[in-house]
Every structure is written in C-alpha cells, then in structure tokens.
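Text of the file protein_6.cif, holding mmCIF, C-alpha atoms (C1' of nucleotides):
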```
data_upload
loop_
_atom_site.label_atom_id
_atom_site.label_comp_id
_atom_site.auth_asym_id
_atom_site.auth_seq_id
_atom_site.Cartn_x
_atom_site.Cartn_y
_atom_site.Cartn_z
CA MET A 214 -25.51 -13.86 13.08
CA VAL A 215 -26.00 -10.40 11.60
CA ASP A 216 -22.99 -8.92 13.32
CA ASN A 217 -20.92 -12.04 12.69
CA ASP A 218 -21.86 -11.87 9.06
CA ASP A 219 -20.25 -8.49 8.72
CA ARG A 220 -17.26 -9.62 10.74
CA LEU A 221 -16.78 -12.66 8.55
CA SER A 222 -16.98 -10.55 5.41
CA ARG A 223 -14.30 -8.24 6.74
CA VAL A 224 -11.99 -11.04 7.80
CA PHE A 225 -12.33 -12.99 4.58
CA GLY A 226 -11.99 -9.78 2.63
CA ALA A 227 -8.89 -8.77 4.53
CA LEU A 228 -7.23 -12.11 3.84
CA ALA A 229 -8.18 -12.06 0.16
CA ASP A 230 -5.14 -9.86 -0.48
CA PRO A 231 -1.76 -11.64 -0.73
CA THR A 232 0.12 -8.66 0.70
CA ARG A 233 -2.11 -8.63 3.76
CA ARG A 234 -1.79 -12.41 4.20
CA ASP A 235 1.94 -11.91 4.00
CA MET A 236 1.76 -9.30 6.72
CA VAL A 237 -0.25 -11.64 8.91
CA ALA A 238 2.39 -14.30 8.34
CA ARG A 239 5.08 -11.83 9.32
CA LEU A 240 3.17 -10.75 12.41
CA ALA A 241 2.68 -14.35 13.50
CA THR A 242 6.40 -14.41 14.27
CA GLY A 243 6.21 -11.27 16.38
CA ASP A 244 4.95 -7.72 16.61
CA ALA A 245 6.33 -5.20 14.14
CA THR A 246 6.22 -1.51 13.35
CA VAL A 247 4.64 -0.16 10.20
CA GLY A 248 8.04 0.55 8.72
CA GLU A 249 9.26 -2.95 9.39
CA LEU A 250 6.15 -4.36 7.79
CA ALA A 251 6.55 -2.11 4.77
CA ALA A 252 10.21 -2.95 4.16
CA PRO A 253 9.73 -6.15 2.10
CA TYR A 254 7.36 -4.51 -0.38
CA ASP A 255 8.12 -1.74 -2.82
CA VAL A 256 4.94 0.17 -2.10
CA SER A 257 4.64 3.39 -0.15
CA LEU A 258 4.30 3.46 3.62
CA GLN A 259 0.84 4.92 3.13
CA ALA A 260 -0.28 1.87 1.19
CA VAL A 261 0.93 -0.37 4.01
CA SER A 262 -0.83 1.83 6.51
CA LYS A 263 -4.04 1.32 4.55
CA HIS A 264 -3.59 -2.44 4.56
CA LEU A 265 -3.11 -2.34 8.29
CA LYS A 266 -6.32 -0.38 8.67
CA VAL A 267 -8.17 -3.09 6.77
CA LEU A 268 -6.63 -5.78 8.97
CA GLU A 269 -7.48 -3.77 12.06
CA GLU A 270 -11.10 -3.27 11.06
CA ALA A 271 -11.33 -6.99 10.42
CA GLY A 272 -10.16 -7.55 14.00
CA LEU A 273 -7.04 -9.36 12.85
CA VAL A 274 -4.63 -6.81 14.22
CA ARG A 275 -4.29 -4.23 16.99
CA ARG A 276 -2.18 -1.10 16.89
CA SER A 277 -0.77 0.53 19.98
CA ARG A 278 1.59 3.38 20.56
CA ASP A 279 5.26 3.61 21.40
CA ALA A 280 6.60 7.13 20.85
CA GLN A 281 6.39 7.79 17.09
CA ARG A 282 6.09 4.11 16.41
CA ARG A 283 2.81 2.19 16.13
CA PRO A 284 3.65 -1.42 16.94
CA VAL A 285 1.27 -3.84 15.26
CA HIS A 286 0.09 -6.96 17.04
CA LEU A 287 -1.61 -9.98 15.50
CA ASP A 288 -4.89 -10.85 17.17
CA ALA A 289 -5.63 -14.40 16.12
CA GLU A 290 -8.98 -14.63 17.86
CA VAL A 291 -11.10 -13.92 14.75
CA PHE A 292 -9.49 -16.90 13.10
CA ASP A 293 -11.85 -19.02 15.18
CA LEU A 294 -14.82 -17.39 13.55
CA MET A 295 -13.58 -18.37 10.12
CA THR A 296 -12.54 -21.84 11.12
CA LYS A 297 -15.93 -22.51 12.65
CA TRP A 298 -17.74 -21.30 9.57
CA ILE A 299 -15.54 -23.34 7.25
CA GLU A 300 -15.73 -26.49 9.36
CA LYS A 301 -19.50 -26.27 9.57
CA TYR A 302 -20.04 -26.41 5.85
CA ARG A 303 -17.14 -28.64 5.04
CA GLN A 304 -18.53 -31.23 7.41
CA ARG A 305 -22.00 -30.96 5.93
CA ALA A 306 -20.65 -31.31 2.43
CA GLU A 307 -18.55 -34.30 3.38
CA GLU A 308 -21.38 -36.02 5.19
CA ARG A 309 -23.49 -35.56 2.13
CA TYR A 310 -20.71 -36.92 0.02
CA GLN A 311 -20.38 -40.01 2.17
CA ARG A 312 -24.13 -40.59 2.15
CA LEU A 313 -24.03 -40.41 -1.61
CA ASP A 314 -21.19 -42.88 -1.66
CA GLN A 315 -23.23 -45.26 0.47
CA VAL A 316 -26.26 -44.89 -1.76
CA LEU A 317 -24.22 -45.59 -4.83
CA ALA A 318 -22.53 -48.54 -3.18
CA ARG A 319 -25.89 -49.95 -2.14
CA MET A 320 -27.27 -49.47 -5.61
CA GLN A 321 -24.37 -51.24 -7.18
CA GLY A 322 -24.70 -54.13 -4.78
CA LYS A 323 -28.46 -54.47 -5.01
CA ASP A 324 -29.60 -53.90 -8.54
CA LEU A 325 -26.82 -53.12 -10.93
CA ALA A 326 -29.01 -54.09 -13.86
CA THR A 327 -31.97 -51.77 -13.20
CA ALA A 328 -30.01 -48.81 -11.85
CA ASN A 329 -29.55 -47.05 -15.16
CA ASP A 330 -33.22 -46.27 -15.85
CA ASP A 331 -33.81 -42.63 -14.99
CA ASP A 332 -33.20 -42.25 -11.32
CA GLN A 333 -29.77 -41.31 -10.19
CA GLN A 334 -29.58 -37.71 -11.39
CA ARG A 335 -32.43 -36.69 -9.14
CA GLY A 336 -30.37 -37.54 -6.08
CA ALA A 337 -28.04 -34.74 -7.00
CA ALA A 338 -30.68 -32.21 -7.98
CA GLY A 339 -32.53 -32.43 -4.67
CA MET B 233 3.26 -21.30 -3.17
CA VAL B 234 2.73 -18.94 -6.09
CA ASP B 235 -0.24 -20.83 -7.47
CA ASN B 236 -1.64 -21.46 -4.01
CA ASP B 237 -1.32 -17.79 -3.25
CA ASP B 238 -3.62 -16.94 -6.10
CA ARG B 239 -5.96 -19.75 -5.15
CA LEU B 240 -6.14 -18.54 -1.56
CA SER B 241 -6.88 -15.02 -2.72
CA ARG B 242 -9.73 -16.25 -4.84
CA VAL B 243 -11.22 -18.44 -2.13
CA PHE B 244 -11.00 -15.80 0.57
CA GLY B 245 -12.30 -13.23 -1.87
CA ALA B 246 -15.20 -15.44 -2.86
CA LEU B 247 -16.20 -15.96 0.77
CA ALA B 248 -15.89 -12.27 1.61
CA ASP B 249 -19.36 -11.75 0.21
CA PRO B 250 -22.32 -12.66 2.48
CA THR B 251 -24.52 -13.68 -0.45
CA ARG B 252 -21.89 -16.08 -1.69
CA ARG B 253 -21.35 -17.51 1.79
CA ASP B 254 -25.08 -17.99 1.97
CA MET B 255 -25.01 -19.88 -1.30
CA VAL B 256 -22.24 -22.10 -0.04
CA ALA B 257 -24.34 -22.78 3.06
CA ARG B 258 -27.27 -23.66 0.87
CA LEU B 259 -25.17 -25.91 -1.34
CA ALA B 260 -23.80 -27.73 1.67
CA THR B 261 -27.25 -29.26 2.09
CA GLY B 262 -27.38 -30.42 -1.51
CA ASP B 263 -26.83 -29.48 -5.14
CA ALA B 264 -29.08 -26.82 -6.62
CA THR B 265 -29.84 -25.13 -9.91
CA VAL B 266 -29.07 -21.47 -10.54
CA GLY B 267 -32.76 -20.63 -10.28
CA GLU B 268 -33.12 -22.39 -6.94
CA LEU B 269 -30.08 -20.57 -5.63
CA ALA B 270 -31.44 -17.24 -6.83
CA ALA B 271 -34.89 -17.65 -5.30
CA PRO B 272 -34.10 -16.42 -1.75
CA TYR B 273 -32.56 -13.15 -2.93
CA ASP B 274 -34.22 -10.31 -4.74
CA VAL B 275 -31.45 -9.84 -7.23
CA SER B 276 -31.49 -10.80 -10.88
CA LEU B 277 -30.58 -14.28 -12.09
CA GLN B 278 -27.61 -12.71 -13.84
CA ALA B 279 -26.22 -11.43 -10.59
CA VAL B 280 -26.49 -14.91 -9.09
CA SER B 281 -24.83 -16.33 -12.17
CA LYS B 282 -21.95 -13.93 -11.61
CA HIS B 283 -21.62 -14.99 -7.98
CA LEU B 284 -21.49 -18.60 -9.09
CA LYS B 285 -18.76 -17.78 -11.54
CA VAL B 286 -16.71 -16.29 -8.73
CA LEU B 287 -17.30 -19.36 -6.59
CA GLU B 288 -16.40 -21.61 -9.51
CA GLU B 289 -13.16 -19.76 -10.26
CA ALA B 290 -12.28 -20.06 -6.59
CA GLY B 291 -12.71 -23.81 -6.90
CA LEU B 292 -15.53 -23.85 -4.37
CA VAL B 293 -18.16 -25.01 -6.80
CA ARG B 294 -18.56 -27.05 -9.95
CA ARG B 295 -21.25 -26.60 -12.55
CA SER B 296 -22.46 -29.42 -14.74
CA ARG B 297 -25.23 -29.72 -17.28
CA ASP B 298 -28.69 -31.28 -17.16
CA ALA B 299 -30.76 -30.17 -20.16
CA GLN B 300 -31.29 -26.43 -19.74
CA ARG B 301 -30.35 -26.61 -16.09
CA ARG B 302 -26.86 -26.09 -14.69
CA PRO B 303 -26.82 -27.94 -11.38
CA VAL B 304 -24.29 -26.48 -8.98
CA HIS B 305 -22.26 -28.71 -6.71
CA LEU B 306 -20.24 -27.64 -3.69
CA ASP B 307 -16.64 -28.74 -3.85
CA ALA B 308 -15.34 -28.51 -0.32
CA GLU B 309 -11.78 -29.49 -1.13
CA VAL B 310 -10.38 -25.95 -1.27
CA PHE B 311 -11.57 -25.45 2.29
CA ASP B 312 -8.52 -27.44 3.33
CA LEU B 313 -6.26 -24.86 1.77
CA MET B 314 -7.81 -22.12 3.88
CA THR B 315 -7.92 -24.16 7.03
CA LYS B 316 -4.26 -25.05 6.68
CA TRP B 317 -3.26 -21.45 6.14
CA ILE B 318 -5.33 -20.23 9.06
CA GLU B 319 -4.16 -22.97 11.42
CA LYS B 320 -0.54 -22.33 10.54
CA TYR B 321 -0.56 -18.73 11.65
CA ARG B 322 -3.03 -19.13 14.44
CA GLN B 323 -0.80 -21.72 15.99
CA ARG B 324 2.27 -19.54 15.64
CA ALA B 325 0.46 -16.61 17.17
CA GLU B 326 -0.82 -18.70 20.04
CA GLU B 327 2.53 -20.26 20.71
CA ARG B 328 3.99 -16.80 20.89
CA TYR B 329 1.21 -15.76 23.19
CA GLN B 330 1.77 -18.70 25.48
CA ARG B 331 5.49 -18.11 25.63
CA LEU B 332 4.73 -14.54 26.62
CA ASP B 333 2.32 -15.78 29.27
CA GLN B 334 5.02 -18.02 30.66
CA VAL B 335 7.50 -15.20 30.75
CA LEU B 336 5.04 -12.98 32.57
CA ALA B 337 4.12 -15.77 34.98
CA ARG B 338 7.76 -16.42 35.71
CA MET B 339 8.36 -12.73 36.31
CA GLN B 340 5.46 -12.48 38.69
CA GLY B 341 6.53 -15.61 40.57
CA LYS B 342 10.18 -14.65 40.79
CA ASP B 343 10.44 -10.98 41.49
CA LEU B 344 7.09 -9.33 41.93
CA ALA B 345 8.68 -6.45 43.78
CA THR B 346 11.11 -5.46 41.04
CA ALA B 347 8.83 -6.25 38.13
CA ASN B 348 7.34 -2.80 37.77
CA ASP B 349 10.54 -1.07 36.78
CA ASP B 350 10.32 -0.77 33.04
CA ASP B 351 9.65 -4.18 31.64
CA GLN B 352 6.12 -5.35 31.45
CA GLN B 353 4.92 -2.76 28.95
CA ARG B 354 6.14 -5.08 26.29
CA GLY B 355 3.20 -7.31 27.08
CA ALA B 356 0.73 -4.58 26.22
CA ALA B 357 2.75 -2.99 23.46
CA GLY B 358 2.91 -6.38 21.82
"C1'" DG C 129 12.45 25.74 19.14
"C1'" DT C 130 13.84 23.23 15.09
"C1'" DC C 131 14.88 19.00 12.79
"C1'" DG C 132 14.45 14.19 11.58
"C1'" DT C 133 11.78 10.04 12.24
"C1'" DT C 134 7.51 7.54 11.98
"C1'" DG C 135 3.33 7.27 10.59
"C1'" DT C 136 -1.63 9.09 9.42
"C1'" DC C 137 -5.01 11.72 6.68
"C1'" DA C 138 -6.77 13.62 2.36
"C1'" DA C 139 -7.21 13.92 -2.50
"C1'" DC C 140 -6.81 11.79 -6.57
"C1'" DC C 141 -6.56 8.01 -10.15
"C1'" DA C 142 -7.05 3.38 -12.36
"C1'" DT C 143 -9.07 -0.85 -11.87
"C1'" DG C 144 -12.25 -4.21 -9.80
"C1'" DT C 145 -16.83 -5.55 -8.00
"C1'" DG C 146 -21.82 -6.11 -7.62
"C1'" DG C 147 -25.64 -4.65 -9.51
"C1'" DT C 148 -28.65 -3.61 -13.61
"C1'" DT C 149 -30.88 -4.41 -18.44
"C1'" DG C 150 -30.89 -6.40 -23.10
"C1'" DA C 151 -29.60 -9.86 -26.25
"C1'" DG C 152 -28.42 -14.54 -27.27
"C1'" DT C 153 -27.86 -19.72 -26.53
"C1'" DA C 154 -29.41 -24.44 -25.44
"C1'" DA C 155 -32.75 -27.69 -24.76
"C1'" DA C 156 -37.54 -29.34 -23.66
"C1'" DC C 157 -42.34 -28.65 -25.11
"C1'" DG C 158 -46.06 -28.08 -28.29
"C1'" DC D 13 -41.30 -25.12 -36.87
"C1'" DG D 14 -42.03 -21.46 -32.84
"C1'" DT D 15 -42.47 -20.91 -27.77
"C1'" DT D 16 -40.98 -21.44 -23.08
"C1'" DT D 17 -37.57 -22.40 -19.68
"C1'" DA D 18 -33.10 -21.83 -17.77
"C1'" DC D 19 -29.37 -19.73 -18.08
"C1'" DT D 20 -24.97 -16.97 -19.92
"C1'" DC D 21 -22.69 -13.07 -22.15
"C1'" DA D 22 -22.05 -8.11 -22.99
"C1'" DA D 23 -22.47 -3.38 -21.94
"C1'" DC D 24 -23.14 -0.20 -18.66
"C1'" DC D 25 -23.24 2.18 -13.96
"C1'" DA D 26 -22.18 3.32 -9.01
"C1'" DC D 27 -19.17 2.45 -5.63
"C1'" DA D 28 -15.19 0.02 -3.32
"C1'" DT D 29 -10.26 -0.91 -3.42
"C1'" DG D 30 -5.25 -0.42 -3.90
"C1'" DG D 31 -2.12 2.47 -5.40
"C1'" DT D 32 -0.01 7.21 -5.70
"C1'" DT D 33 1.61 12.06 -3.86
"C1'" DG D 34 1.43 15.98 -0.64
"C1'" DA D 35 0.48 17.84 3.81
"C1'" DC D 36 0.64 17.37 8.56
"C1'" DA D 37 0.81 15.38 13.40
"C1'" DA D 38 3.42 13.19 17.30
"C1'" DC D 39 7.44 12.35 19.34
"C1'" DG D 40 12.72 11.99 20.32
"C1'" DA D 41 17.03 14.29 19.59
"C1'" DC D 42 19.73 18.25 19.08
#
```
Same coordinates, now as structure tokens:
Amino acid sequence: MVDNDDRLSRVFGALADPTRRDMVARLATGDATVGELAAPYDVSLQAVSKHLKVLEEAGLVRRSRDAQRRPVHLDAEVFDLMTKWIEKYRQRAEERYQRLDQVLARMQGKDLATANDDDQQRGAAG
Amino acid sequence: MVDNDDRLSRVFGALADPTRRDMVARLATGDATVGELAAPYDVSLQAVSKHLKVLEEAGLVRRSRDAQRRPVHLDAEVFDLMTKWIEKYRQRAEERYQRLDQVLARMQGKDLATANDDDQQRGAAG
DNA sequence: GTCGTTGTCAACCATGTGGTTGAGTAAACG
DNA sequence: CGTTTACTCAACCACATGGTTGACAACGAC
C-alpha cells in the first residue's frame, strides 16, 4: 500500500502532462529514440529528456542503449495499477448510486405523500 | 480532443496526490462534509478545501449546500475518460508485445541455429 | 585523434502546488 | 441582535515542475 501509493502518485503525475501523454501514445505504436520523440514538439531536446525521466521514474517507460541512441520502450504494466485503483472506487460509487436509486424508487412506490418530511437529505450526508 | 486533453490533465493531476486519492476513496463509501473529510489528516481545513477545489475542477466531485455545510459527492463519471485513455494505449502496447512474442516464437521454432546472428537484440532494445 | 551525432547533466528562471495564517461569509443557535 | 459552526477567499511561503541555455559524455565516422 505504502509503496504502491508512491507509485500511483508518480504514474498519475506523469500522465497529468499532455506532452507526456502524447509521448506515451506515440510509444504505444513502437519504440522511439529521444530525437524522434522530440520532433513533433518545438521544445528543446533537454526538455523531452526530462519528460522521459519522469515517465521512467513512474515505471511507464524503459530506456536502453544503442550506440549514441537511447531507444525508449513503453512499459504498460503500471497501467494495471491505475486501472485497478480506478475500478475499485468507480464500482463502489456506482453501487452506492444504484442503492440510492433503489431507495428512492422504493420511497416513491411506498409513501409518496409522507416522503417529503425531513428525511431524504440524511441519506446523502451519511 | 482539445477539451478532453485538458480534462484528462486535470483528472490525472488531481489523482496524483495521495491525500486527494484518499479523499476519493472515502467519498466512494458515501458523501461527506468538508470537516468530515478533513478529520483524518492533520492539515488545516483550508488545505482540505483547496484539495476539494482541485477535485471539483477535475470533475471528480460535486459540492452542494446544506445550511452551513457543503456536502461533497463523488462523481465517478470522469473515471471513464481515464479508463478509456489507459485501455487504448495499453491494448496497443500489448498487441505490439504479442506480435513481437509471435515473431520471436516463430524464429525460435524455424531456425534456432541461425537465430543468434544479429537479430534478436531488437527484442531487448525495444 | 578529431568531428558530428545523440543525448544527459547542471544551473538558472518563471510559474504552479501544497501548506500556512488571518479575515470574511453564510446560516443555525441563543 | 451577537455567537458559534462550517466553510471559503486572500496573501504569503517553501518547494516542485517545465522550460531554457551551456557544458560535456558516449559513440560512429572520417
């Protein structure tokens, strides 16, 4: 949990930048060198290198060596971590939502006349 | 795309903070007031209020009004946006990976003897 | 060995972020 | 009315982030 917490922060943080998401998108189609990745943007190579470092530290990317070149490879494994986290809380929220729907439906069916006393806000506050 | 790009940045950015993820986790079990959300952490109420603003601007949360209280409600809809983005590139990366696996498997099956000439580095370099 | 290519590291700068405190707003309570 | 509760807004501060430029390292080519 503790370690994963840090990992999640890094991954989410890395993907919070549109340029970095763009690079991930590019890398999903195949490995690329730093220069190739930098080409579409009008920022310096150093800036791109920094972005790659962020992606690497988030575990989204690996860099190897090929002469002067540093081919970059997308490592999609950490995606699972995010997906699991997201799914967990999405499901919970949706279950809650459906329970609320049921409660409201039951209330409407049972006692439409007495339902507007003081009660239904508390269901949300709890 | 343009609007979604900004939205994605905000959502990923919002979830890049462990405190905010924690709040989302808490809110998945039910709505809560700002004070209730602040209780577990030893930061000021103002800091929590700021976090909620970030979550709200990311579309993860909605705040309503109940007398002095501002009940916070988790809005899990934006999760879809993230999930779709993630799945898109994960799938591409995995497809690529599987194609590579097939190529390597075919190479091993076909000509194991001649395979160690110069070729299979591409697997590691990629 | 020297040169060009490819990329990293270091220093710096502007802006953003998470935290603080202090003041102010909105509504219930007395 | 004034007080209390629950919260937001504004100003400030330390540090992180994304960008820059300049120097330099690793390697292939000449």
Exercise. Give the residues of chain B that lie within 8 Å of chain C; count all atoms listed in the file, and format the answer as JSON, numbers by chain.
Key: {"B": [279, 299, 300]}
Exercise. Give as number ranges by chain the residues that the PyMOL selection byres ((chain B) within 6 of (chain A)) matches when applied to the coordinates above.
Key: B: 241, 244-245, 248-249, 260, 263-264, 308, 321-322, 324-325, 358
Under the rule of at most 8 Å, produce a per-residue listing of chain D near chain B: chain, number, name, the closest pair of atoms, and the distance in Å, as a Markdown table, using only C-alpha atoms (C1' of nucleotides).
```
| residue | atom | partner | partner_atom | distance |
| --- | --- | --- | --- | --- |
| D:DT17 | C1' | B:Gln300 | CA | 7.5 |
| D:DA18 | C1' | B:Gln300 | CA | 5.3 |
| D:DC19 | C1' | B:Gln300 | CA | 7.2 |
| D:DT20 | C1' | B:Ser281 | CA | 7.8 |
```
Practice problem: Could you jot down the CA of Thr251 in chain B to CA of Asp235 in chain B separation for me, Å, one decimal place? | Solution: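 Pair CA of Thr251 in chain B / CA of Asp235 in chain B returns 26.3 Å.
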Quiz item: Rounded to one decimal in Å, what is the spacing between CA of Glu249 in chain A and CA of Gln330 in chain B?
Solution: 23.7 Å
Exercise. State, in Å with one decimal place, the distance from C1' of DT33 in chain D to CA of Ser257 in chain A.
Key: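 Straight-line distance from C1' of DT33 in chain D to CA of Ser257 in chain A works out to 9.9 Å.
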